[in-house]
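Printed here is input-v1.txt (compact mmCIF, C-alpha atoms and all ligand atoms):
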# COMPACT_ATOMS: atom_id res chain seq x y z
CA MET A 1 39.58 9.72 -2.41
CA PRO A 2 37.80 7.83 -5.15
CA THR A 3 37.14 9.89 -8.29
CA VAL A 4 33.91 8.77 -9.94
CA LYS A 5 31.95 9.63 -13.07
CA ALA A 6 28.88 11.81 -12.79
CA ARG A 7 26.53 14.11 -14.70
CA ALA A 8 26.34 17.66 -13.41
CA VAL A 9 25.14 21.13 -14.28
CA PHE A 10 27.63 23.96 -13.83
CA GLY A 11 25.25 26.92 -13.79
CA LEU A 12 21.64 28.00 -13.95
CA ASN A 13 19.82 26.69 -17.02
CA GLN A 14 22.92 24.86 -18.24
CA PRO A 15 22.66 21.42 -19.83
CA PHE A 16 24.04 18.34 -18.10
CA GLN A 17 27.69 17.54 -18.72
CA ALA A 18 29.80 14.46 -18.14
CA THR A 19 32.24 15.13 -15.32
CA THR A 20 34.06 13.49 -12.41
CA ILE A 21 33.54 14.11 -8.70
CA GLU A 22 35.42 13.04 -5.59
CA ARG A 23 33.75 10.71 -3.13
CA ARG A 24 35.18 10.46 0.37
CA ASP A 25 37.30 7.49 1.45
CA VAL A 26 35.28 4.76 3.12
CA ASP A 27 35.26 5.56 6.85
CA PRO A 28 34.68 2.84 9.48
CA LYS A 29 30.88 3.44 9.41
CA ASP A 30 30.62 3.98 5.64
CA VAL A 31 29.26 1.92 2.80
CA LEU A 32 30.50 2.31 -0.79
CA ILE A 33 27.67 1.72 -3.24
CA GLU A 34 27.96 1.06 -6.95
CA ILE A 35 24.91 2.85 -8.29
CA LYS A 36 22.91 0.88 -10.85
CA TYR A 37 19.90 3.17 -11.29
CA ALA A 38 18.91 6.70 -10.27
CA GLY A 39 15.41 8.09 -10.61
CA ILE A 40 14.63 11.62 -11.82
CA CYS A 41 12.44 13.41 -9.28
CA HIS A 42 10.74 16.73 -10.00
CA SER A 43 12.72 18.07 -7.03
CA ASP A 44 15.88 17.57 -9.13
CA ILE A 45 14.29 19.80 -11.75
CA HIS A 46 13.33 22.49 -9.18
CA HIS A 47 17.01 22.52 -8.10
CA VAL A 48 18.48 22.65 -11.62
CA LYS A 49 16.09 25.45 -12.58
CA GLY A 50 17.06 27.36 -9.43
CA GLU A 51 13.42 27.48 -8.34
CA TRP A 52 14.03 26.82 -4.64
CA GLN A 53 17.37 28.37 -3.70
CA ASP A 54 20.69 29.63 -5.02
CA GLU A 55 22.69 26.55 -5.91
CA ASN A 56 26.37 25.69 -5.65
CA TYR A 57 28.05 24.08 -8.64
CA PRO A 58 28.74 21.50 -9.81
CA LEU A 59 25.23 20.34 -8.99
CA VAL A 60 24.84 16.56 -9.24
CA PRO A 61 21.19 15.73 -8.50
CA GLY A 62 19.67 12.36 -7.74
CA HIS A 63 18.07 11.09 -4.53
CA GLU A 64 16.42 7.93 -5.77
CA ILE A 65 19.42 5.61 -5.74
CA ALA A 66 19.54 1.83 -6.11
CA GLY A 67 22.70 -0.23 -6.37
CA THR A 68 24.94 -2.79 -4.72
CA VAL A 69 27.46 -2.57 -1.90
CA THR A 70 31.07 -2.89 -3.11
CA GLU A 71 32.95 -2.01 0.10
CA VAL A 72 32.14 -1.54 3.78
CA GLY A 73 34.04 0.20 6.56
CA SER A 74 35.55 -1.78 9.46
CA GLU A 75 32.70 -0.95 11.88
CA VAL A 76 29.76 -1.51 9.52
CA THR A 77 27.31 -4.10 10.83
CA LYS A 78 24.11 -3.49 8.83
CA HIS A 79 25.34 -4.09 5.28
CA LYS A 80 27.83 -6.32 3.50
CA VAL A 81 29.50 -6.47 0.11
CA GLY A 82 27.03 -7.60 -2.56
CA ASP A 83 23.89 -6.38 -0.74
CA ARG A 84 21.22 -4.66 -2.84
CA VAL A 85 20.71 -1.26 -1.28
CA GLY A 86 19.08 2.11 -1.75
CA VAL A 87 19.65 5.72 -0.70
CA GLY A 88 16.92 8.33 -0.64
CA CYS A 89 16.77 12.07 0.00
CA MET A 90 18.99 12.25 3.08
CA VAL A 91 22.44 10.93 3.93
CA ASN A 92 22.87 12.15 7.51
CA SER A 93 21.27 13.93 10.46
CA CYS A 94 22.36 14.92 13.98
CA GLY A 95 21.14 11.61 15.40
CA GLU A 96 20.58 13.16 18.84
CA CYS A 97 17.62 15.52 18.70
CA GLU A 98 14.07 14.64 19.72
CA ASN A 99 12.99 14.01 16.14
CA CYS A 100 16.02 11.92 15.15
CA LEU A 101 15.54 9.80 18.28
CA LYS A 102 11.94 9.20 17.17
CA GLY A 103 13.19 7.94 13.81
CA GLU A 104 11.97 11.09 12.01
CA GLU A 105 15.41 12.13 10.77
CA GLN A 106 13.83 14.12 7.92
CA TYR A 107 12.66 16.56 10.61
CA CYS A 108 16.05 16.70 12.39
CA LEU A 109 15.98 19.83 14.56
CA LYS A 110 19.49 20.74 13.43
CA GLY A 111 18.66 19.95 9.81
CA MET A 112 19.03 16.73 7.87
CA VAL A 113 21.74 16.46 5.24
CA GLY A 114 20.34 16.22 1.74
CA THR A 115 21.78 13.62 -0.61
CA TYR A 116 22.79 16.51 -2.88
CA ALA A 117 22.88 20.31 -2.78
CA SER A 118 23.75 20.11 0.90
CA VAL A 119 26.84 20.00 3.15
CA ASP A 120 27.48 16.99 5.39
CA LYS A 121 27.78 19.03 8.58
CA TYR A 122 27.75 15.88 10.79
CA GLY A 123 30.38 14.20 8.63
CA ASP A 124 33.19 15.57 6.48
CA ASN A 125 31.67 19.07 6.00
CA LYS A 126 31.94 18.65 2.24
CA PRO A 127 29.23 19.34 -0.34
CA THR A 128 27.01 16.37 -1.14
CA TYR A 129 26.60 15.05 -4.67
CA GLY A 130 23.66 12.89 -5.68
CA GLY A 131 22.89 9.77 -7.61
CA TYR A 132 23.53 10.83 -11.22
CA SER A 133 26.86 9.16 -10.66
CA THR A 134 28.49 5.72 -10.66
CA HIS A 135 29.25 5.44 -6.92
CA VAL A 136 28.34 7.04 -3.61
CA VAL A 137 29.70 6.72 -0.06
CA VAL A 138 27.05 6.89 2.67
CA THR A 139 27.12 6.31 6.41
CA GLU A 140 25.49 2.93 7.05
CA ASP A 141 22.46 4.20 8.99
CA PHE A 142 21.18 6.03 5.91
CA VAL A 143 21.47 3.03 3.60
CA LEU A 144 18.30 0.97 3.03
CA LYS A 145 17.98 -2.68 2.10
CA ILE A 146 16.15 -3.41 -1.14
CA PRO A 147 14.32 -6.68 -0.58
CA GLU A 148 14.65 -9.58 -3.03
CA GLY A 149 11.64 -9.49 -5.30
CA ILE A 150 11.94 -5.83 -6.27
CA GLU A 151 14.20 -5.18 -9.26
CA LEU A 152 16.67 -2.34 -8.70
CA ASP A 153 15.34 -0.21 -11.58
CA VAL A 154 11.76 -0.12 -10.30
CA ALA A 155 13.02 0.16 -6.71
CA ALA A 156 14.99 3.37 -7.25
CA PRO A 157 11.93 5.70 -7.34
CA LEU A 158 10.60 4.17 -4.13
CA LEU A 159 13.43 5.90 -2.24
CA CYS A 160 11.78 9.29 -2.74
CA ALA A 161 8.45 9.00 -4.58
CA GLY A 162 7.51 5.86 -2.65
CA ILE A 163 8.29 7.05 0.87
CA THR A 164 6.91 10.56 0.25
CA LEU A 165 3.49 9.02 -0.28
CA PHE A 166 3.78 6.05 2.10
CA SER A 167 4.56 8.26 5.09
CA PRO A 168 1.48 10.54 4.96
CA LEU A 169 -0.78 7.65 3.93
CA ARG A 170 0.28 5.81 7.11
CA HIS A 171 0.31 8.93 9.31
CA TRP A 172 -3.25 9.87 8.35
CA GLY A 173 -4.53 6.29 8.50
CA ALA A 174 -5.20 5.33 4.88
CA GLY A 175 -6.80 1.89 4.87
CA PRO A 176 -10.12 0.07 4.58
CA GLY A 177 -13.10 2.41 4.90
CA LYS A 178 -11.06 5.53 4.10
CA LYS A 179 -11.65 7.56 0.97
CA VAL A 180 -8.31 8.83 -0.27
CA ALA A 181 -7.59 11.04 -3.28
CA ILE A 182 -4.25 11.58 -4.95
CA VAL A 183 -3.85 14.86 -6.85
CA GLY A 184 -1.46 14.74 -9.84
CA LEU A 185 -0.60 11.46 -11.56
CA GLY A 186 3.16 11.83 -11.94
CA GLY A 187 6.11 10.15 -10.22
CA LEU A 188 4.83 10.69 -6.68
CA GLY A 189 1.16 10.43 -7.58
CA HIS A 190 1.32 7.06 -9.31
CA MET A 191 3.09 5.58 -6.27
CA GLY A 192 0.40 7.12 -4.08
CA VAL A 193 -2.30 5.30 -6.05
CA LYS A 194 -0.49 1.96 -5.82
CA LEU A 195 0.29 2.30 -2.11
CA ALA A 196 -3.13 3.58 -1.01
CA HIS A 197 -4.80 0.78 -2.98
CA ALA A 198 -2.49 -1.82 -1.41
CA MET A 199 -3.33 -0.41 2.04
CA GLY A 200 -6.99 -1.12 1.29
CA ALA A 201 -8.25 2.46 0.89
CA ASP A 202 -10.81 3.59 -1.67
CA VAL A 203 -8.70 5.59 -4.13
CA THR A 204 -9.65 8.54 -6.33
CA VAL A 205 -7.26 10.19 -8.79
CA LEU A 206 -7.59 13.92 -9.42
CA SER A 207 -5.63 14.68 -12.58
CA ARG A 208 -5.85 17.76 -14.78
CA SER A 209 -7.48 15.80 -17.59
CA LEU A 210 -8.78 12.29 -18.25
CA ASN A 211 -5.80 11.48 -20.53
CA LYS A 212 -4.27 8.99 -18.09
CA LYS A 213 -7.56 7.53 -16.82
CA GLU A 214 -6.93 4.02 -18.14
CA ASP A 215 -3.50 3.94 -16.47
CA GLY A 216 -4.89 5.32 -13.22
CA LEU A 217 -7.50 2.59 -12.97
CA LYS A 218 -4.88 -0.08 -13.76
CA LEU A 219 -2.62 1.31 -11.04
CA GLY A 220 -5.40 0.68 -8.54
CA ALA A 221 -7.67 3.73 -8.53
CA ASP A 222 -11.38 3.16 -7.96
CA ARG A 223 -12.34 6.51 -9.49
CA TYR A 224 -10.68 9.07 -11.77
CA TYR A 225 -11.70 12.71 -12.24
CA ALA A 226 -10.36 15.71 -14.13
CA THR A 227 -9.75 18.87 -12.12
CA GLU A 228 -10.18 20.95 -15.31
CA ASP A 229 -13.88 19.93 -15.22
CA PRO A 230 -15.76 22.13 -12.70
CA GLU A 231 -18.35 19.37 -12.23
CA THR A 232 -15.70 17.23 -10.48
CA PHE A 233 -15.82 19.64 -7.53
CA GLU A 234 -19.61 19.27 -7.26
CA THR A 235 -19.65 15.50 -7.67
CA LEU A 236 -16.98 14.93 -5.01
CA ALA A 237 -17.92 17.74 -2.60
CA LYS A 238 -17.49 16.78 1.08
CA SER A 239 -16.83 13.11 0.22
CA LEU A 240 -13.14 12.42 0.99
CA ASP A 241 -11.24 11.65 4.20
CA LEU A 242 -7.74 12.35 2.95
CA ILE A 243 -6.31 14.13 -0.08
CA ILE A 244 -2.60 14.08 -0.92
CA ASN A 245 -1.55 16.81 -3.32
CA THR A 246 1.59 15.93 -5.30
CA VAL A 247 1.41 18.73 -7.88
CA SER A 248 4.68 20.51 -8.64
CA ALA A 249 2.85 23.77 -9.46
CA ASN A 250 0.31 25.97 -7.69
CA VAL A 251 -3.15 24.47 -7.20
CA ASP A 252 -6.60 25.63 -6.08
CA VAL A 253 -6.24 24.65 -2.42
CA ASP A 254 -9.73 25.89 -1.53
CA GLY A 255 -11.23 23.79 -4.31
CA LEU A 256 -9.49 20.68 -2.96
CA LEU A 257 -10.45 21.44 0.65
CA GLY A 258 -14.09 21.57 -0.44
CA LEU A 259 -13.88 17.87 -1.30
CA LEU A 260 -13.08 16.90 2.30
CA LYS A 261 -15.59 15.52 4.78
CA LEU A 262 -15.86 16.75 8.35
CA ASP A 263 -12.37 16.38 9.92
CA GLY A 264 -10.77 15.55 6.58
CA THR A 265 -7.16 16.44 5.82
CA LEU A 266 -5.46 17.81 2.73
CA VAL A 267 -1.76 16.94 2.87
CA ASN A 268 0.53 18.89 0.60
CA VAL A 269 3.67 17.12 -0.56
CA GLY A 270 4.15 19.04 -3.83
CA ALA A 271 6.75 21.79 -3.47
CA PRO A 272 6.08 24.58 -5.97
CA PRO A 273 8.30 27.63 -5.51
CA GLU A 274 5.36 30.03 -5.21
CA PRO A 275 3.18 30.22 -2.07
CA LEU A 276 -0.07 28.27 -1.81
CA SER A 277 -3.06 30.22 -0.51
CA VAL A 278 -6.00 29.10 1.58
CA LYS A 279 -9.21 30.81 2.66
CA ALA A 280 -10.05 30.56 6.36
CA PHE A 281 -13.61 29.53 5.49
CA SER A 282 -12.37 26.50 3.53
CA LEU A 283 -11.00 25.15 6.81
CA ILE A 284 -13.33 26.29 9.58
CA GLY A 285 -16.64 25.22 8.08
CA ASN A 286 -15.90 21.51 8.26
CA ARG A 287 -13.08 21.38 10.85
CA ARG A 288 -10.69 20.53 8.03
CA SER A 289 -6.89 20.38 8.23
CA PHE A 290 -4.33 21.56 5.71
CA ALA A 291 -1.04 19.79 6.39
CA GLY A 292 2.35 19.06 4.85
CA SER A 293 4.78 16.18 4.87
CA VAL A 294 8.34 15.60 3.70
CA ILE A 295 9.67 12.13 2.71
CA GLY A 296 9.79 9.76 5.74
CA GLY A 297 12.26 8.54 8.35
CA ILE A 298 14.80 5.79 7.70
CA ARG A 299 12.89 3.16 9.70
CA GLN A 300 9.68 3.95 7.83
CA THR A 301 11.50 3.95 4.48
CA GLN A 302 12.62 0.38 5.19
CA GLU A 303 9.04 -0.47 6.21
CA MET A 304 7.84 0.98 2.88
CA LEU A 305 10.36 -1.09 0.88
CA ASP A 306 9.31 -4.25 2.73
CA PHE A 307 5.64 -3.37 2.16
CA CYS A 308 6.30 -2.93 -1.56
CA ALA A 309 8.06 -6.31 -1.75
CA GLU A 310 5.20 -7.98 0.10
CA HIS A 311 2.61 -6.43 -2.24
CA GLY A 312 4.65 -6.77 -5.45
CA LEU A 313 4.89 -3.01 -5.93
CA GLY A 314 7.49 -1.02 -7.83
CA ALA A 315 7.46 2.17 -9.85
CA GLU A 316 6.34 2.38 -13.48
CA ILE A 317 9.50 3.51 -15.21
CA GLU A 318 11.17 4.46 -18.46
CA VAL A 319 14.90 3.70 -18.33
CA ILE A 320 17.08 6.28 -20.06
CA SER A 321 20.77 6.78 -20.72
CA ALA A 322 22.79 9.56 -19.10
CA ASP A 323 22.77 11.48 -22.40
CA GLN A 324 18.98 11.78 -22.24
CA ILE A 325 18.69 13.64 -18.90
CA ASP A 326 18.02 17.08 -20.43
CA GLU A 327 15.36 15.65 -22.71
CA ALA A 328 13.80 13.74 -19.82
CA TYR A 329 13.56 16.97 -17.78
CA GLU A 330 11.66 18.64 -20.62
CA ARG A 331 9.33 15.70 -20.83
CA VAL A 332 8.64 15.72 -17.07
CA VAL A 333 7.89 19.45 -17.16
CA SER A 334 5.49 18.99 -20.07
CA GLY A 335 3.75 16.09 -18.28
CA ASP A 336 5.05 13.49 -20.75
CA VAL A 337 6.27 10.86 -18.27
CA ARG A 338 4.74 7.50 -17.37
CA TYR A 339 5.66 7.63 -14.58
CA ARG A 340 9.32 7.98 -13.64
CA PHE A 341 12.51 8.32 -15.67
CA VAL A 342 15.34 6.21 -14.31
CA ILE A 343 18.95 6.66 -15.41
CA ASP A 344 20.87 3.46 -16.18
CA SER A 345 24.14 4.25 -14.41
CA ALA A 346 26.09 1.92 -16.74
CA THR A 347 25.68 4.64 -19.39
CA LEU A 348 27.69 7.12 -17.28
CA ALA A 349 30.87 5.15 -17.77
P1 LIG B 401 5.94 14.96 -11.60
O1 LIG B 401 6.32 13.56 -11.94
O2 LIG B 401 6.24 16.04 -12.55
O3 LIG B 401 4.39 14.93 -11.24
C1 LIG B 401 3.68 16.09 -10.88
C2 LIG B 401 2.25 15.99 -11.42
O4 LIG B 401 1.59 17.19 -11.08
C3 LIG B 401 2.17 15.89 -12.92
O5 LIG B 401 2.25 14.57 -13.40
C4 LIG B 401 0.79 16.47 -13.19
O6 LIG B 401 -0.20 15.48 -12.97
C5 LIG B 401 0.66 17.51 -12.12
N1 LIG B 401 1.02 18.85 -12.64
C6 LIG B 401 2.19 19.27 -13.15
N2 LIG B 401 2.15 20.57 -13.51
C7 LIG B 401 0.93 20.98 -13.19
C8 LIG B 401 0.29 22.23 -13.30
N3 LIG B 401 0.90 23.28 -13.82
N4 LIG B 401 -0.99 22.31 -12.83
C9 LIG B 401 -1.60 21.22 -12.32
N5 LIG B 401 -1.02 20.01 -12.23
C10 LIG B 401 0.22 19.90 -12.64
O7 LIG B 401 6.63 15.38 -10.23
P2 LIG B 401 7.00 14.51 -8.93
O8 LIG B 401 8.39 14.02 -9.06
O9 LIG B 401 5.90 13.59 -8.66
O10 LIG B 401 7.06 15.65 -7.81
C11 LIG B 401 5.91 16.43 -7.53
C12 LIG B 401 6.22 17.53 -6.55
O11 LIG B 401 6.52 16.97 -5.28
C13 LIG B 401 7.42 18.40 -6.90
O12 LIG B 401 7.13 19.75 -6.55
C14 LIG B 401 8.52 17.84 -6.02
O13 LIG B 401 9.53 18.79 -5.74
C15 LIG B 401 7.74 17.52 -4.78
N6 LIG B 401 8.35 16.52 -3.91
C16 LIG B 401 8.11 16.64 -2.59
C17 LIG B 401 8.59 15.69 -1.71
C18 LIG B 401 8.28 15.77 -0.26
O14 LIG B 401 8.94 15.08 0.52
N7 LIG B 401 7.30 16.52 0.16
C19 LIG B 401 9.36 14.63 -2.20
C20 LIG B 401 9.58 14.55 -3.56
C21 LIG B 401 9.06 15.49 -4.41
P3 LIG B 401 -1.51 15.39 -13.91
O15 LIG B 401 -1.01 15.39 -15.31
O16 LIG B 401 -2.09 14.10 -13.48
O17 LIG B 401 -2.36 16.55 -13.60
ZN ZN B 402 12.46 13.42 -4.82
What would the structure in this file look like if it were written as structure tokens?
Ligand code: NAP
Ligand code: ZN
Amino acid sequence: MPTVKARAVFGLNQPFQATTIERRDVDPKDVLIEIKYAGICHSDIHHVKGEWQDENYPLVPGHEIAGTVTEVGSEVTKHKVGDRVGVGCMVNSCGECENCLKGEEQYCLKGMVGTYASVDKYGDNKPTYGGYSTHVVVTEDFVLKIPEGIELDVAAPLLCAGITLFSPLRHWGAGPGKKVAIVGLGGLGHMGVKLAHAMGADVTVLSRSLNKKEDGLKLGADRYYATEDPETFETLAKSLDLIINTVSANVDVDGLLGLLKLDGTLVNVGAPPEPLSVKAFSLIGNRRSFAGSVIGGIRQTQEMLDFCAEHGLGAEIEVISADQIDEAYERVVSGDVRYRFVIDSATLA
């Protein structure tokens, strides 16, 4: 079993420490990836802060992985040594249920296997450790190809932030003639603006303040409003087809629903630990929908990567060393990130 370097936390509210973890031997269907970059998603922070569940330790987060293939198992057909590849939020699923067969492995009826903080119940039954590490072994079906034309550092965040926005934008038909708003201009949100703009939609950003307005317009937004300004909710009332909320904290769901046209949809992708509340009248008056969405299937993740290559899209990033993870977490929580921190895996060595 290969022993590889990683950064982990060993308890609630503990700082990251350099450590080693065991990766499994490369099975016939496995791919060994040398990780070059790993993005920091707010979900990593929810896990480390114990905001979602009781965690097992060591906890090695990271589900925005980009790297190169260094070994393949004897039965691998999709990838070869030297390929530029990515791994997102899941590393396995049952492969047999209705949802897996539809290519929606993230909704596997028996439960998908998370890239970290999970147990590979369809594989070796061992805990999974994420991308804050030098190498990872993943079954070939859950490994994505990163097209030429996207650098690995700006590709890494596409594996979670990118697909989490691409999937609902496609599902709810973002495109020409559709008015789409993205709530929260962080890691997910900034990808939402780029993707919705590239799909041809009219894009509005709803951020807490106007501090990032210039950036938002450069990323492709047509309009930019502050949610701290009550006038925003009057100006935009009943004007939008689709709103995607990416905020990591509680939001005024009723306020956002009021911005939707007849038959409009508010899709929640943010995952705050506390419940969101909604008034019946916010929905029934205009036949509105309040929906949710989690990442996207493997096939659609590849489609998203190819779409990004075709449109010249990548994440806006700040590359950090492994020693800066704790500091980066603080900066994400305080909103001081433009727009994704990415760990240079060479600094783990
Ligand atoms: P992020 O980079 O921290 O961005 C979140 C944005 O939300 C911030 O930039 C900020 O935007 C806004 N925000 C933060 N705190 C707020 C508060 N207290 N009130 C109002 N707005 C606030 O986080 P992320 O990585 O994009 O992740 C966002 C959320 O999505 C997290 O909860 C994460 O766990 C979840 N997530 C879900 C999925 C899924 O599949 N559904 C996938 C990945 C992540 P402004 O400064 O512009 O207001
Ligand atoms: Zn994520």
Quiz prompt | Distance criterion (only C-alpha atoms): nearest to Glu231 in chain A out of A:Gly297, A:Gly173, A:Gly255, A:Pro157 | solution =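 Going through A:Gly297, A:Gly173, A:Gly255, A:Pro157 one by one, the smallest distance to Glu231 in chain A is for A:Gly255.
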Quiz item: For the atom pair CA of Pro15 in chain A and CA of Val60 in chain A, what is the interatomic distance in Å to one decimal place?
Solution: 11.9 Å
Exercise. Return as a PyMOL selection string every polymer residue, whether protein, DNA or RNA, with at least one atom no more than 9 Å from an atom of ligand ZN 402 (chain B); count all atoms listed in the file.
Key: chain A and resi 39-44+62-64+88-89+157+159-161+164+187-188+295
Practice problem: Produce as a VMD selection string the set of residues near ligand LIG 401 (chain B), where near means within 7 Å with only C-alpha atoms and all ligand atoms considered. | Solution: chain A and resid 41 to 43 46 160 to 161 164 183 to 189 206 to 209 246 to 251 269 to 272 293 to 295 332 to 333 335 337 339 to 340
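Considering the residues A:Ser282, A:Thr232, A:Asn92, A:Ser167 and counting only C-alpha atoms, Gly296 in chain A has its shortest atom-to-atom contact with A:Ser167.
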Within 6 Å of His135 in chain A, counting all atoms listed in the file, which residues qualify if same-chain residues fewer than 6 places away don't, as a compact mmCIF listing (two decimals) with C-alpha atoms, in the coordinates of the input?
# COMPACT_ATOMS: atom_id res chain seq x y z
CA ILE A 33 27.67 1.72 -3.24
CA GLU A 34 27.96 1.06 -6.95
CA ILE A 35 24.91 2.85 -8.29
Practice problem: Using only C-alpha atoms, determine which residues lie at most 8 Å from Leu109 in chain A, disregarding the query and same-chain residues fewer than 5 positions distant; provide the list as a count of residues only. | Solution: 4
Quiz item: Between CA of Leu219 in chain A and CA of Gly192 in chain A, what is the distance, to one decimal in Å?
Solution: 9.6 Å
Self-check item: Separation of CA of Asp83 in chain A from CA of Ala66 in chain A, in Å and rounded to one decimal
Solution: 10.7 Å
Can you write out as CSV which residues of range 63-153 of chain A fall within 9 Å of range 310-315 of chain A, alongside each residue's closest atom pair and its distance in Å to one decimal, counting all atoms listed in the file and ordering rows by chain and ascending residue number?
residue,atom,partner,partner_atom,distance
A:Gly149,CA,A:Gly312,CA,7.5
A:Ile150,CA,A:Gly314,CA,6.7
A:Glu151,CA,A:Gly314,CA,8.0
A:Asp153,CA,A:Ala315,CA,8.4
Quiz item: Excluding same-chain residues fewer than 3 positions from range 47-58 of chain A, what lies within 10 Å of it counting all atoms listed in the file, as a list in words?
Solution: Arg7, Ala8, Val9, Phe10, Gly11, Leu12, Asn13, Gln14, Pro15, Phe16, Gln17, Thr19, Thr20, Ile21, His42, Ser43, Asp44, Pro61, Tyr116, Ala117, Ser118, Pro127, Tyr129, Ala271, Pro272, Pro273, Glu274 and Tyr329 of chain A
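Of the listed residues (A:Glu234, A:Glu96, A:Asp241, A:Asp27), A:Asp27 comes nearest to Met1 in chain A; the distances count only C-alpha atoms.
With all atoms listed in the file as the atoms that count, the minimum distance from Leu266 in chain A to the choices A:Glu327, A:Phe307, A:Ala181, A:Lys279 is reached by A:Ala181.
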Self-check item: Which residue of A:Gly258, A:Ile298, A:Glu148, A:Cys308 approaches Met112 in chain A most closely, using only C-alpha atoms
Solution: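 Closest to Met112 in chain A, using only C-alpha atoms: A:Ile298.
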Edge lengths and centre in Å, axis-aligned, range 96-106 of chain A plus 3 Å each side, as AutoDock Vina command-line options:
--center_x 16.3 --center_y 11.7 --center_z 13.8 --size_x 14.6 --size_y 13.6 --size_z 17.8
